[in-house]
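Colleague: Just so it is clear, I am handing over protein31.cif, which has mmCIF, C-alpha atoms and all ligand atoms.
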data_work
#
loop_
_atom_site.label_atom_id
_atom_site.label_comp_id
_atom_site.auth_asym_id
_atom_site.auth_seq_id
_atom_site.Cartn_x
_atom_site.Cartn_y
_atom_site.Cartn_z
CA MET A 1 58.01 2.72 -2.99
CA THR A 2 55.27 4.87 -4.49
CA SER A 3 52.04 4.94 -2.51
CA LEU A 4 48.65 5.96 -3.74
CA ASN A 5 48.95 9.24 -1.87
CA ASP A 6 52.03 10.21 -3.90
CA LEU A 7 49.93 10.18 -7.07
CA PRO A 8 47.89 13.10 -8.42
CA ILE A 9 44.70 11.16 -7.69
CA ARG A 10 41.33 12.97 -7.44
CA ASP A 11 41.01 14.59 -4.00
CA ASP A 12 37.62 12.95 -3.42
CA LEU A 13 39.19 9.47 -3.82
CA ARG A 14 42.02 10.06 -1.34
CA GLY A 15 41.74 7.86 1.73
CA LEU A 16 39.01 5.57 0.32
CA THR A 17 39.29 1.79 0.43
CA PRO A 18 38.27 -0.48 -2.46
CA TYR A 19 35.60 -3.20 -2.23
CA GLY A 20 37.31 -5.92 -0.29
CA ALA A 21 35.21 -8.97 0.57
CA PRO A 22 37.91 -11.56 1.29
CA GLN A 23 38.18 -13.85 -1.76
CA LYS A 24 39.43 -16.95 0.01
CA HIS A 25 38.84 -20.38 -1.47
CA VAL A 26 37.83 -22.71 1.31
CA ARG A 27 35.61 -25.78 1.68
CA VAL A 28 32.39 -23.92 2.52
CA GLU A 29 32.04 -20.47 0.94
CA LEU A 30 29.00 -18.67 2.35
CA ASN A 31 30.32 -15.11 2.30
CA VAL A 32 29.21 -13.28 -0.87
CA ASN A 33 25.67 -14.60 -1.46
CA GLU A 34 26.57 -16.61 -4.52
CA ASN A 35 24.39 -19.54 -5.54
CA THR A 36 26.62 -22.36 -4.27
CA HIS A 37 25.07 -24.91 -6.64
CA PRO A 38 26.98 -25.30 -9.91
CA VAL A 39 25.33 -24.81 -13.32
CA PRO A 40 23.92 -28.17 -14.59
CA GLU A 41 26.25 -30.00 -17.03
CA THR A 42 23.60 -30.11 -19.77
CA VAL A 43 23.30 -26.33 -19.66
CA ILE A 44 27.09 -25.98 -19.69
CA ASP A 45 27.18 -28.11 -22.85
CA ASP A 46 24.65 -25.90 -24.61
CA ILE A 47 26.41 -22.70 -23.53
CA MET A 48 29.67 -24.15 -24.88
CA VAL A 49 28.09 -24.61 -28.30
CA ARG A 50 26.86 -21.00 -28.28
CA VAL A 51 30.20 -19.61 -27.11
CA ARG A 52 31.98 -21.65 -29.76
CA ASP A 53 29.68 -20.18 -32.40
CA ALA A 54 30.38 -16.66 -31.10
CA LEU A 55 34.11 -17.36 -31.45
CA THR A 56 33.71 -17.85 -35.20
CA SER A 57 33.13 -14.08 -35.51
CA ILE A 58 35.22 -12.90 -32.58
CA ASN A 59 37.45 -10.91 -34.97
CA ARG A 60 34.50 -8.47 -35.23
CA TYR A 61 33.16 -6.19 -32.51
CA PRO A 62 30.10 -7.65 -30.77
CA ASP A 63 26.49 -6.49 -31.25
CA ARG A 64 26.68 -3.11 -29.49
CA GLU A 65 22.96 -3.29 -28.75
CA PHE A 66 23.05 -6.94 -27.52
CA THR A 67 19.60 -7.32 -29.03
CA PRO A 68 19.04 -11.09 -28.56
CA LEU A 69 20.08 -10.73 -24.92
CA ARG A 70 17.70 -7.80 -24.35
CA ASP A 71 14.91 -9.83 -25.97
CA ALA A 72 15.66 -12.80 -23.71
CA LEU A 73 15.77 -10.64 -20.58
CA ALA A 74 12.47 -8.92 -21.48
CA THR A 75 10.85 -12.32 -21.97
CA TYR A 76 12.22 -13.53 -18.65
CA LEU A 77 10.92 -10.49 -16.75
CA GLY A 78 7.49 -10.46 -18.42
CA HIS A 79 5.39 -7.54 -17.13
CA GLY A 80 4.75 -6.45 -20.72
CA LEU A 81 8.36 -5.33 -21.10
CA SER A 82 10.15 -5.34 -24.45
CA ARG A 83 13.79 -4.97 -25.51
CA ASP A 84 13.40 -1.17 -25.52
CA ASN A 85 12.90 -1.27 -21.75
CA ILE A 86 16.03 -3.35 -21.06
CA TRP A 87 19.65 -2.44 -20.44
CA ALA A 88 22.44 -4.83 -19.43
CA ALA A 89 26.08 -4.64 -18.45
CA ASN A 90 28.93 -6.55 -16.84
CA GLY A 91 27.11 -7.21 -13.59
CA SER A 92 24.46 -5.03 -12.05
CA ASN A 93 27.35 -3.11 -10.51
CA GLU A 94 28.05 -1.72 -13.97
CA VAL A 95 24.35 -1.03 -14.50
CA ILE A 96 24.42 1.01 -11.27
CA GLN A 97 27.56 2.78 -12.47
CA HIS A 98 25.93 3.69 -15.79
CA THR A 99 22.94 5.03 -13.87
CA LEU A 100 25.08 7.30 -11.69
CA GLN A 101 27.19 8.39 -14.66
CA ALA A 102 24.02 9.53 -16.40
CA PHE A 103 21.92 10.81 -13.48
CA GLY A 104 24.42 11.44 -10.67
CA GLY A 105 27.98 12.74 -10.93
CA PRO A 106 29.75 15.86 -9.64
CA GLY A 107 27.37 18.37 -8.07
CA ARG A 108 24.65 15.71 -7.68
CA SER A 109 23.70 13.38 -4.86
CA VAL A 110 22.31 9.92 -4.17
CA LEU A 111 20.31 9.01 -1.07
CA ALA A 112 20.54 5.51 0.42
CA PHE A 113 19.33 3.74 3.54
CA PRO A 114 22.22 1.95 5.30
CA PRO A 115 22.99 -0.70 6.23
CA THR A 116 22.80 -1.59 2.55
CA TYR A 117 24.85 -3.03 -0.29
CA SER A 118 28.41 -1.74 0.16
CA MET A 119 28.98 -1.25 -3.59
CA HIS A 120 26.30 1.44 -3.79
CA LYS A 121 28.51 3.83 -1.82
CA ILE A 122 31.66 2.81 -3.69
CA ILE A 123 30.04 3.41 -7.08
CA ALA A 124 28.79 6.79 -5.83
CA ALA A 125 32.37 7.69 -4.90
CA GLY A 126 33.79 6.48 -8.21
CA SER A 127 31.27 8.54 -10.17
CA GLY A 128 31.77 11.65 -8.01
CA THR A 129 28.20 11.54 -6.70
CA GLN A 130 27.63 12.87 -3.17
CA TRP A 131 26.49 10.08 -0.81
CA LEU A 132 23.54 10.97 1.43
CA THR A 133 22.00 8.61 3.97
CA ALA A 134 18.86 8.24 6.04
CA GLU A 135 18.21 5.93 8.97
CA ARG A 136 15.93 2.92 8.68
CA GLY A 137 13.12 2.27 11.14
CA PRO A 138 12.74 -0.68 13.54
CA GLY A 139 13.58 -4.07 11.98
CA PHE A 140 15.51 -2.19 9.24
CA GLU A 141 12.19 -1.30 7.57
CA ILE A 142 11.61 1.77 5.40
CA THR A 143 8.06 3.07 5.69
CA PRO A 144 6.62 5.44 3.06
CA GLU A 145 6.65 8.25 5.68
CA LEU A 146 10.31 7.66 6.51
CA ALA A 147 11.33 7.65 2.83
CA VAL A 148 9.33 10.78 1.99
CA ALA A 149 10.68 12.69 5.01
CA ALA A 150 14.27 11.83 4.04
CA ILE A 151 13.70 12.87 0.42
CA GLU A 152 12.01 16.14 1.38
CA SER A 153 14.77 17.12 3.77
CA GLN A 154 17.74 16.06 1.62
CA ARG A 155 16.46 16.61 -1.96
CA PRO A 156 18.67 13.95 -3.62
CA ASP A 157 19.02 13.59 -7.40
CA VAL A 158 18.92 9.78 -7.19
CA ILE A 159 17.40 7.49 -4.55
CA PHE A 160 18.63 3.93 -4.04
CA PHE A 161 16.42 1.22 -2.62
CA CYS A 162 17.61 -2.37 -2.26
CA THR A 163 14.88 -5.01 -1.93
CA PRO A 164 15.31 -7.55 -0.44
CA ASN A 165 18.04 -5.47 1.19
CA ASN A 166 21.61 -6.72 1.44
CA PRO A 167 22.81 -7.34 4.19
CA THR A 168 19.58 -7.38 6.24
CA GLY A 169 17.23 -9.40 3.96
CA THR A 170 14.47 -6.82 4.54
CA PRO A 171 12.00 -6.17 1.69
CA VAL A 172 10.89 -2.65 0.72
CA SER A 173 7.20 -2.37 -0.17
CA ASN A 174 5.89 -0.95 -3.43
CA ALA A 175 3.97 1.55 -1.27
CA THR A 176 7.31 2.96 -0.06
CA ILE A 177 8.79 3.06 -3.56
CA ALA A 178 5.72 4.72 -5.06
CA ALA A 179 5.65 7.31 -2.26
CA ALA A 180 9.35 8.03 -2.78
CA TYR A 181 8.76 8.45 -6.52
CA ASP A 182 6.01 10.98 -5.91
CA ALA A 183 8.21 12.91 -3.46
CA THR A 184 11.11 13.48 -5.87
CA ASP A 185 11.86 14.87 -9.32
CA GLY A 186 14.94 12.65 -9.37
CA MET A 187 15.54 9.04 -10.35
CA VAL A 188 14.42 6.15 -8.14
CA PHE A 189 16.66 3.10 -8.51
CA VAL A 190 15.47 -0.21 -7.05
CA ASP A 191 18.14 -2.93 -6.74
CA GLU A 192 16.29 -6.26 -6.85
CA ALA A 193 19.36 -8.52 -7.01
CA TYR A 194 17.68 -11.14 -4.80
CA ALA A 195 14.12 -10.89 -6.16
CA GLU A 196 13.93 -14.57 -7.16
CA PHE A 197 14.41 -15.65 -3.53
CA ALA A 198 11.49 -13.60 -2.19
CA PRO A 199 8.29 -15.43 -1.21
CA ALA A 200 5.80 -15.97 -4.04
CA GLY A 201 3.53 -12.95 -4.45
CA SER A 202 6.05 -10.49 -2.97
CA ASP A 203 6.12 -6.94 -4.29
CA THR A 204 8.40 -6.20 -7.22
CA ALA A 205 8.93 -2.66 -8.44
CA LEU A 206 8.49 -4.00 -12.00
CA ASP A 207 4.78 -3.59 -11.26
CA LEU A 208 5.33 0.15 -10.77
CA LEU A 209 7.19 0.86 -14.04
CA GLU A 210 4.14 1.72 -16.13
CA GLY A 211 3.70 5.51 -16.10
CA ARG A 212 6.83 6.13 -14.00
CA PRO A 213 9.65 7.12 -16.40
CA ARG A 214 12.03 8.04 -13.54
CA LEU A 215 11.92 4.55 -12.00
CA ILE A 216 14.64 1.94 -12.65
CA VAL A 217 14.52 -1.70 -11.50
CA SER A 218 17.77 -3.67 -11.62
CA ARG A 219 18.33 -7.41 -11.45
CA THR A 220 21.32 -9.68 -11.83
CA MET A 221 22.20 -13.14 -13.10
CA SER A 222 24.83 -13.41 -10.33
CA LYS A 223 22.63 -14.81 -7.57
CA ALA A 224 19.56 -16.94 -8.37
CA PHE A 225 20.91 -17.77 -11.86
CA ALA A 226 24.22 -19.08 -10.47
CA PHE A 227 26.06 -16.98 -13.06
CA ALA A 228 28.22 -14.65 -10.94
CA GLY A 229 31.40 -15.45 -12.87
CA ALA A 230 29.85 -14.46 -16.20
CA ARG A 231 29.14 -10.87 -15.01
CA VAL A 232 25.66 -10.10 -16.31
CA GLY A 233 23.35 -7.58 -14.66
CA TYR A 234 20.44 -5.72 -16.20
CA LEU A 235 17.67 -3.24 -15.60
CA ALA A 236 14.17 -2.45 -16.76
CA ALA A 237 13.01 1.14 -17.22
CA ASP A 238 11.38 3.54 -19.63
CA PRO A 239 13.05 3.46 -23.10
CA ALA A 240 14.17 7.08 -22.52
CA VAL A 241 16.22 5.93 -19.51
CA VAL A 242 17.86 3.26 -21.66
CA ASP A 243 18.72 5.99 -24.20
CA ALA A 244 20.33 8.02 -21.42
CA LEU A 245 22.52 5.06 -20.46
CA ARG A 246 23.70 4.72 -24.08
CA LEU A 247 25.36 8.13 -23.62
CA VAL A 248 27.69 6.88 -20.89
CA ARG A 249 28.41 3.23 -21.69
CA LEU A 250 31.57 2.36 -23.55
CA PRO A 251 30.76 1.00 -26.98
CA TYR A 252 30.76 -2.82 -27.17
CA HIS A 253 30.85 -3.07 -23.36
CA LEU A 254 29.27 -6.55 -23.36
CA SER A 255 31.59 -9.04 -25.02
CA ALA A 256 30.23 -11.46 -27.63
CA LEU A 257 31.18 -14.32 -25.29
CA THR A 258 29.20 -12.82 -22.41
CA GLN A 259 26.19 -12.24 -24.65
CA ALA A 260 26.28 -15.80 -26.01
CA ALA A 261 26.65 -17.31 -22.54
CA ALA A 262 23.85 -15.22 -21.05
CA VAL A 263 21.42 -15.95 -23.89
CA GLY A 264 22.27 -19.64 -23.43
CA ALA A 265 21.63 -19.49 -19.69
CA LEU A 266 18.29 -17.71 -20.22
CA ALA A 267 17.26 -20.38 -22.74
CA HIS A 268 17.50 -22.81 -19.79
CA THR A 269 15.79 -20.65 -17.18
CA PRO A 270 13.93 -23.51 -15.41
CA GLU A 271 17.13 -25.56 -14.96
CA MET A 272 19.18 -22.49 -14.00
CA LEU A 273 16.63 -21.53 -11.33
CA GLY A 274 16.11 -25.15 -10.28
CA MET A 275 17.98 -24.75 -6.99
CA VAL A 276 16.22 -21.58 -5.83
CA ASP A 277 13.56 -23.49 -3.88
CA ASP A 278 16.23 -25.60 -2.14
CA ILE A 279 18.12 -22.45 -1.21
CA LYS A 280 14.97 -20.88 0.23
CA VAL A 281 14.46 -23.99 2.37
CA GLN A 282 18.03 -23.63 3.71
CA ARG A 283 17.49 -19.88 4.27
CA ASP A 284 14.38 -20.59 6.36
CA ARG A 285 16.27 -23.32 8.20
CA LEU A 286 19.11 -20.89 9.01
CA GLU A 287 16.60 -18.43 10.49
CA ARG A 288 15.01 -21.17 12.61
CA GLU A 289 18.18 -22.84 13.81
CA LEU A 290 20.12 -19.62 14.45
CA ALA A 291 17.24 -18.50 16.68
CA GLY A 292 17.36 -21.91 18.39
CA LEU A 293 21.05 -21.33 19.14
CA GLY A 294 20.21 -18.03 20.86
CA PHE A 295 21.14 -15.65 18.03
CA THR A 296 18.71 -13.05 16.65
CA PRO A 297 18.26 -13.67 12.92
CA TYR A 298 16.33 -11.09 10.88
CA PRO A 299 13.52 -12.36 8.62
CA SER A 300 15.08 -12.60 5.14
CA ALA A 301 13.51 -12.61 1.69
CA ALA A 302 16.92 -13.21 0.09
CA ASN A 303 19.45 -16.09 0.01
CA PHE A 304 21.27 -15.01 3.17
CA VAL A 305 20.52 -14.33 6.81
CA LEU A 306 21.83 -11.53 9.03
CA PHE A 307 21.97 -12.52 12.68
CA GLY A 308 22.72 -10.56 15.83
CA ASN A 309 23.58 -11.31 19.45
CA VAL A 310 27.07 -12.42 18.41
CA ALA A 311 29.55 -11.74 21.24
CA ASN A 312 32.58 -11.24 19.04
CA PRO A 313 31.91 -11.38 15.28
CA GLN A 314 35.60 -11.24 14.34
CA GLN A 315 36.36 -14.19 16.63
CA VAL A 316 33.48 -16.27 15.25
CA PHE A 317 34.52 -15.38 11.69
CA ASP A 318 38.11 -16.46 12.41
CA ASP A 319 37.10 -19.66 14.22
CA LEU A 320 34.85 -20.71 11.35
CA LEU A 321 37.50 -19.81 8.78
CA ALA A 322 39.99 -22.02 10.63
CA GLN A 323 37.57 -24.88 9.92
CA GLY A 324 37.27 -24.00 6.21
CA ILE A 325 33.98 -22.11 6.48
CA ILE A 326 33.79 -18.47 5.38
CA ILE A 327 30.86 -16.17 6.19
CA ARG A 328 30.72 -12.34 6.27
CA ASP A 329 31.35 -9.71 8.89
CA VAL A 330 29.40 -6.80 7.38
CA GLY A 331 30.61 -4.32 9.99
CA ILE A 332 27.41 -4.14 12.06
CA GLY A 333 28.30 -4.54 15.74
CA HIS A 334 27.50 -8.03 17.14
CA HIS A 335 26.17 -9.22 13.78
CA LEU A 336 27.28 -11.62 11.04
CA ARG A 337 25.76 -12.58 7.68
CA VAL A 338 25.68 -16.06 6.21
CA THR A 339 24.62 -17.20 2.73
CA ALA A 340 22.21 -20.12 2.43
CA GLY A 341 24.22 -22.84 0.70
CA THR A 342 23.49 -26.45 -0.14
CA GLU A 343 21.92 -28.54 2.62
CA GLN A 344 25.36 -30.02 3.36
CA GLU A 345 27.10 -26.62 3.54
CA THR A 346 24.36 -25.18 5.73
CA THR A 347 24.62 -28.18 8.07
CA GLU A 348 28.40 -27.78 8.28
CA PHE A 349 28.07 -24.09 9.13
CA LEU A 350 25.37 -24.62 11.77
CA SER A 351 27.16 -27.47 13.49
CA ALA A 352 30.52 -25.69 13.49
CA LEU A 353 28.86 -22.55 14.91
CA SER A 354 27.00 -24.46 17.63
CA ALA A 355 30.27 -26.15 18.68
CA LEU A 356 32.05 -22.83 19.23
CA GLU A 357 32.28 -21.60 22.80
CA ALA A 358 30.87 -18.36 24.21
CA THR A 359 29.47 -17.03 20.96
CA LEU A 360 26.43 -15.28 22.44
CA ALA A 361 26.58 -11.63 23.45
C1 LIG B 1 25.31 -9.29 -5.21
C2 LIG B 1 24.57 -8.02 -5.43
C3 LIG B 1 24.51 -7.46 -6.68
C4 LIG B 1 25.13 -8.17 -7.84
O1 LIG B 1 26.09 -7.49 -8.47
P1 LIG B 1 26.61 -8.05 -9.86
O2 LIG B 1 27.49 -6.96 -10.30
O3 LIG B 1 25.40 -8.22 -10.72
O4 LIG B 1 27.30 -9.34 -9.60
C5 LIG B 1 23.79 -6.30 -6.89
N1 LIG B 1 23.14 -5.74 -5.87
C6 LIG B 1 23.16 -6.27 -4.64
C7 LIG B 1 22.38 -5.63 -3.56
C8 LIG B 1 23.88 -7.42 -4.38
O5 LIG B 1 23.93 -7.92 -3.15
#
Mind turning the file's structure into structure tokens?
Ligand SMILES: *Cc1c(COP(=O)(O)O)cnc(C)c1O

Modeller:
Amino acid sequence: MTSLNDLPIRDDLRGLTPYGAPQKHVRVELNVNENTHPVPETVIDDIMVRVRDALTSINRYPDREFTPLRDALATYLGHGLSRDNIWAANGSNEVIQHTLQAFGGPGRSVLAFPPTYSMHKIIAAGSGTQWLTAERGPGFEITPELAVAAIESQRPDVIFFCTPNNPTGTPVSNATIAAAYDATDGMVFVDEAYAEFAPAGSDTALDLLEGRPRLIVSRTMSKAFAFAGARVGYLAADPAVVDALRLVRLPYHLSALTQAAAVGALAHTPEMLGMVDDIKVQRDRLERELAGLGFTPYPSAANFVLFGNVANPQQVFDDLLAQGIIIRDVGIGHHLRVTAGTEQETTEFLSALSALEATLA
């Protein structure tokens, strides 16, 4: 049998492993930070009408510039943004890939602050961008001084921030992002996939875009919008950045069906985001009750909670899975991550966890 190593694959890809969050379908799925609430039926009906309409011209290539979608995303983000500031792709993963294709690549580097979103490193590898890292401070925080020192010593071409950070839930302040911007001639990319779950009045790097043409802020419809299966991510940046991304995208990368569905979802923003407050309540409850059980949850501004003081994460993961509950072992010793689900799912997780024996480290 042929193995990967028998192929003339790029040397820098040899020995790497692909993204591999287990995709198991069980009763309670709290492992990949999806919104566990389904899209409301009324919204589904409207999206169906729009997708049907798109099918009447599906023999033609789609709008390469996805203009109505960029208009809808600009309206959703506000902040004085217009379609010229917006780029979108099949998930924010593809938006990140476009960014590294244009601004990273062979001979260039990206700096990140682990533990962070595992796909950032994988997309760096796929695009041939050197992966540089710097340590976070206490509580997984990144102060302006820490960010500037890392940038000055490593001189990366691209800097990745993730706020609130996956898997820790930690926000990054605008002070840190602005200081990082001033310390580099490179691109500063801020992944705000979980922005809608942050407390009201939290920093968003959208507020920093004006006058900073090397800053990129990405968002996704996969989490708060409950639209992970549709694959729609997007970014806001200077129009010149968007022009740069046009150089690397494949033409017609967003299908007409995706565009129609996303525009439909955005036309129902209040209903689509209707469950966000409930999820935040369950997130806060997870923090409280996990602490009550003797674990050490980290304060989270996202829809998940990382908790430490777990004796044997693999064992707890397996024991929960045996009961039809899947959470995530993110590879940090004595830690696990759980997504805030519906009230019922969160209750099931907490009671199953509290019934397990000898879980505390
Ligand atoms: C889930 C997640 C995304 C979303 O990726 P999509 O490709 O838009 O589904 C992006 N960034 C982070 C940090 C995430 O956790």

Colleague: Please identify all protein, DNA and RNA residues within 10 Å of ligand LIG 1 (chain B), counting all atoms listed in the file, and report them as a PyMOL selection string.

Modeller: chain A and resi 32-34+88-97+116-120+161-167+169+190-194+218-223+227-234+302-304

Colleague: Dump as JSON lines the rows for residues of stretch 38-74 of chain A within 8 Å of stretch 241-259 of chain A: closest atom pair and distance in Å with one decimal, all atoms listed in the file counted, ordered by chain and rising residue number.

Modeller:
{"residue": "A:Val51", "atom": "CA", "partner": "A:Leu257", "partner_atom": "CA", "distance": 5.7}
{"residue": "A:Ala54", "atom": "CA", "partner": "A:Ala256", "partner_atom": "CA", "distance": 6.3}
{"residue": "A:Leu55", "atom": "CA", "partner": "A:Leu257", "partner_atom": "CA", "distance": 7.5}
{"residue": "A:Ile58", "atom": "CA", "partner": "A:Ala256", "partner_atom": "CA", "distance": 7.2}
{"residue": "A:Tyr61", "atom": "CA", "partner": "A:Tyr252", "partner_atom": "CA", "distance": 6.8}
{"residue": "A:Pro62", "atom": "CA", "partner": "A:Ala256", "partner_atom": "CA", "distance": 4.9}
{"residue": "A:Asp63", "atom": "CA", "partner": "A:Tyr252", "partner_atom": "CA", "distance": 7.0}
{"residue": "A:Arg64", "atom": "CA", "partner": "A:Tyr252", "partner_atom": "CA", "distance": 4.7}
{"residue": "A:Glu65", "atom": "CA", "partner": "A:Tyr252", "partner_atom": "CA", "distance": 8.0}
{"residue": "A:Phe66", "atom": "CA", "partner": "A:Gln259", "partner_atom": "CA", "distance": 6.8}
{"residue": "A:Leu69", "atom": "CA", "partner": "A:Gln259", "partner_atom": "CA", "distance": 6.3}

Colleague: List as a ChimeraX atom specification the residues having at least one atom at most 6 Å from position (9.1, 4.4, -9.3) as given in the file, counting all atoms listed in the file.

Modeller: /A:177-178,181,188,208,212,215

Colleague: In Å to one decimal, how far is atom CA of A:Leu235 from atom CA of A:Arg214?

Modeller: 12.8 Å

Colleague: With a distance cut-off of 7 Å and all atoms listed in the file, select the neighbouring residues of stretch 145-157 of chain A, excluding the residue or stretch itself and same-chain residues fewer than 3 positions from it, and output the selection as a PDB file with C-alpha atoms, in the coordinates of the input.

Modeller:
ATOM      1  CA  GLY A 104      24.420  11.440 -10.670  1.00  0.00           C
ATOM      2  CA  ARG A 108      24.650  15.710  -7.680  1.00  0.00           C
ATOM      3  CA  SER A 109      23.700  13.380  -4.860  1.00  0.00           C
ATOM      4  CA  VAL A 110      22.310   9.920  -4.170  1.00  0.00           C
ATOM      5  CA  LEU A 111      20.310   9.010  -1.070  1.00  0.00           C
ATOM      6  CA  ALA A 134      18.860   8.240   6.040  1.00  0.00           C
ATOM      7  CA  ILE A 142      11.610   1.770   5.400  1.00  0.00           C
ATOM      8  CA  THR A 176       7.310   2.960  -0.060  1.00  0.00           C
ATOM      9  CA  ALA A 179       5.650   7.310  -2.260  1.00  0.00           C
ATOM     10  CA  ALA A 180       9.350   8.030  -2.780  1.00  0.00           C
ATOM     11  CA  ALA A 183       8.210  12.910  -3.460  1.00  0.00           C
ATOM     12  CA  THR A 184      11.110  13.480  -5.870  1.00  0.00           C
ATOM     13  CA  GLY A 186      14.940  12.650  -9.370  1.00  0.00           C
ATOM     14  CA  MET A 187      15.540   9.040 -10.350  1.00  0.00           C
TER      15      MET A 187
END

Colleague: Return the single residue from A:Glu135, A:Asp84, A:Glu289, A:Asp207 that is closest to A:Asn174, with distances computed using all atoms listed in the file.

Modeller: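 Of A:Glu135, A:Asp84, A:Glu289, A:Asp207, the one nearest A:Asn174 is A:Asp207, counting all atoms listed in the file.
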
Colleague: Would you mind completing stretch 109-123 of chain A to N, CA, C and O atoms and writing the output as an mmCIF file, in the frame of the given file?

Modeller:
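Writing the result to rebuild_23.cif gives the following:
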data_model
loop_
_atom_site.group_PDB
_atom_site.id
_atom_site.type_symbol
_atom_site.label_atom_id
_atom_site.label_comp_id
_atom_site.auth_asym_id
_atom_site.auth_seq_id
_atom_site.Cartn_x
_atom_site.Cartn_y
_atom_site.Cartn_z
ATOM 1 N N SER A 109 23.662 14.229 -6.054
ATOM 2 C CA SER A 109 23.700 13.380 -4.860
ATOM 3 C C SER A 109 22.821 12.149 -5.022
ATOM 4 O O SER A 109 21.880 12.138 -5.822
ATOM 5 N N VAL A 110 23.141 11.128 -4.239
ATOM 6 C CA VAL A 110 22.310 9.920 -4.170
ATOM 7 C C VAL A 110 22.006 9.644 -2.709
ATOM 8 O O VAL A 110 22.881 9.755 -1.853
ATOM 9 N N LEU A 111 20.747 9.314 -2.431
ATOM 10 C CA LEU A 111 20.310 9.010 -1.070
ATOM 11 C C LEU A 111 20.138 7.501 -0.923
ATOM 12 O O LEU A 111 19.505 6.862 -1.772
ATOM 13 N N ALA A 112 20.688 6.946 0.159
ATOM 14 C CA ALA A 112 20.540 5.510 0.420
ATOM 15 C C ALA A 112 20.184 5.301 1.888
ATOM 16 O O ALA A 112 20.263 6.232 2.695
ATOM 17 N N PHE A 113 19.793 4.082 2.196
ATOM 18 C CA PHE A 113 19.330 3.740 3.540
ATOM 19 C C PHE A 113 20.201 2.624 4.121
ATOM 20 O O PHE A 113 19.860 1.456 4.026
ATOM 21 N N PRO A 114 21.347 2.972 4.722
ATOM 22 C CA PRO A 114 22.220 1.950 5.300
ATOM 23 C C PRO A 114 21.566 1.297 6.530
ATOM 24 O O PRO A 114 20.701 1.942 7.143
ATOM 25 N N PRO A 115 21.976 0.085 6.935
ATOM 26 C CA PRO A 115 22.990 -0.700 6.230
ATOM 27 C C PRO A 115 22.432 -1.237 4.923
ATOM 28 O O PRO A 115 21.345 -1.782 4.886
ATOM 29 N N THR A 116 23.222 -1.080 3.852
ATOM 30 C CA THR A 116 22.800 -1.590 2.550
ATOM 31 C C THR A 116 24.014 -2.050 1.774
ATOM 32 O O THR A 116 25.127 -2.090 2.316
ATOM 33 N N TYR A 117 23.802 -2.434 0.542
ATOM 34 C CA TYR A 117 24.850 -3.030 -0.290
ATOM 35 C C TYR A 117 26.067 -2.105 -0.374
ATOM 36 O O TYR A 117 25.947 -0.948 -0.808
ATOM 37 N N SER A 118 27.234 -2.605 0.029
ATOM 38 C CA SER A 118 28.410 -1.740 0.160
ATOM 39 C C SER A 118 28.839 -1.127 -1.173
ATOM 40 O O SER A 118 29.406 -0.036 -1.209
ATOM 41 N N MET A 119 28.547 -1.798 -2.295
ATOM 42 C CA MET A 119 28.980 -1.250 -3.590
ATOM 43 C C MET A 119 28.230 0.024 -3.977
ATOM 44 O O MET A 119 28.740 0.820 -4.766
ATOM 45 N N HIS A 120 27.039 0.214 -3.425
ATOM 46 C CA HIS A 120 26.300 1.440 -3.790
ATOM 47 C C HIS A 120 27.126 2.674 -3.446
ATOM 48 O O HIS A 120 27.245 3.604 -4.239
ATOM 49 N N LYS A 121 27.702 2.676 -2.255
ATOM 50 C CA LYS A 121 28.510 3.830 -1.820
ATOM 51 C C LYS A 121 29.804 3.946 -2.630
ATOM 52 O O LYS A 121 30.237 5.044 -2.978
ATOM 53 N N ILE A 122 30.391 2.802 -2.941
ATOM 54 C CA ILE A 122 31.660 2.810 -3.690
ATOM 55 C C ILE A 122 31.448 3.320 -5.114
ATOM 56 O O ILE A 122 32.261 4.079 -5.648
ATOM 57 N N ILE A 123 30.331 2.938 -5.723
ATOM 58 C CA ILE A 123 30.040 3.410 -7.080
ATOM 59 C C ILE A 123 29.700 4.909 -7.053
ATOM 60 O O ILE A 123 30.071 5.661 -7.961
#
